[in-house]
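This report concerns only the one structure given below.
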Amino acid sequence: MSDADIVFQSYGRSCNNIVFFEDFYSIFMGKSHDVREMFKNTNMEAQRALLRSGILWLVMHSRGMPDTKIKALGKSHSRGEMNINPMYYSLWLDALMETLARHDPKFSKELELTWRRTLKPSIDLIQSMY
């Protein structure tokens, strides 16, 4: 099975409960005062829905989906739009790994490395568009 398929299955085991996305934002915002500030006036219910889609786009891109959605994320997060500094992506990815560790019963260090390796090209593309 490919890394992308392994990650897809892991996400499927994890994302079927809204608590996954609540836990993610709790963990992510706990990593930095600046991150908390970015979300202070955000409709978090809508944001959790965006996160659900965004992670799926990253996973699907790793499975061969064209990069159209990833480029759209890069544009929306760029300096000219939401101005999300590339330094926050490592915190985002760490928060995702911690959340997966809580919600995927098959999570392991090896699976974490697979996730990181699989999402890296998409995250690199988003960061490059800053």
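Simple scheme: letters A, B, ... for chains in structure tokens order, numbers from 1 for residues in each chain, numbers from 1 for ligands in the order shown.
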Exercise. Pick out the residues sitting within 12 Å of Trp57 (chain A), and hand them over as a list in words; count only C-alpha atoms, and ignore anything fewer than 2 positions along from it in its own chain.
Key: Ala4, Phe8, Tyr11, Leu50, Leu51, Arg52, Ser53, Gly54, Ile55, Val59, Met60, His61, Ser62, Arg63, Gly64, Met65, Pro66, Asp67, Thr68, Lys69, Ile70, Lys71, Ala72, Leu73, Leu119, Ser122, Ile123 and Ile126 of chain A
Practice problem: Might you pull out every residue within 12 Å of Ser78 (chain A), with only C-alpha atoms counted and same-chain residues fewer than 3 positions away left off, and present them as an NGL selection string? | Solution: :A and (71-75 or 81-86 or 125-130)
Quiz prompt | Pick from A:Leu111, A:Asp94, A:Thr118, A:Lys106 nearest to Ile27 (chain A), counting only C-alpha atoms | solution =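 That would be A:Asp94, the residue with the smallest distance to Ile27 (chain A).
From CA of Ala46 (chain A) back to CA of Asp104 (chain A), the distance works out to 23.3 Å.
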Quiz item: What does the distance between CA of Phe28 (chain A) and CA of Ala95 (chain A) come to in Å, to one decimal place?
Solution: 5.1 Å
Exercise. Counting only C-alpha atoms, figure out which residue out of A:Met1, A:Trp115, A:Gly80, A:Ser32 gets nearest to Met97 (chain A).
Key: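 Counting only C-alpha atoms, the residue closest to Met97 (chain A) is A:Trp115.
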Quiz item: Pick from A:Glu37, A:Tyr88, A:Pro105, A:Thr99: nearest to Asp23 (chain A), with only C-alpha atoms counted?
Solution: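 Looking only at the distances to Asp23 (chain A), the closest residue turns out to be A:Thr99.
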Quiz item: To one decimal place, how far is CA of Met38 (chain A) from CA of Leu93 (chain A) in Å?
Solution: 16.5 Å
Exercise. Enumerate the residues of region 39-104 of chain A with a DSSP assignment of helix (DSSP H, G or I), computed from the backbone, and present them as a PyMOL selection string.
Key: chain A and resi 44-62+68-76+88-103
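Candidate residues A:His77, A:Lys40, A:Lys109, A:Arg116 were compared for distance to Leu96 (chain A), and the nearest is A:Arg116, using only C-alpha atoms.
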Practice problem: Kindly indicate which residue among A:Phe107, A:Tyr25, A:Phe20, A:Trp92 lies nearest to Gln47 (chain A), using only C-alpha atoms for the distances. | Solution: A:Tyr25
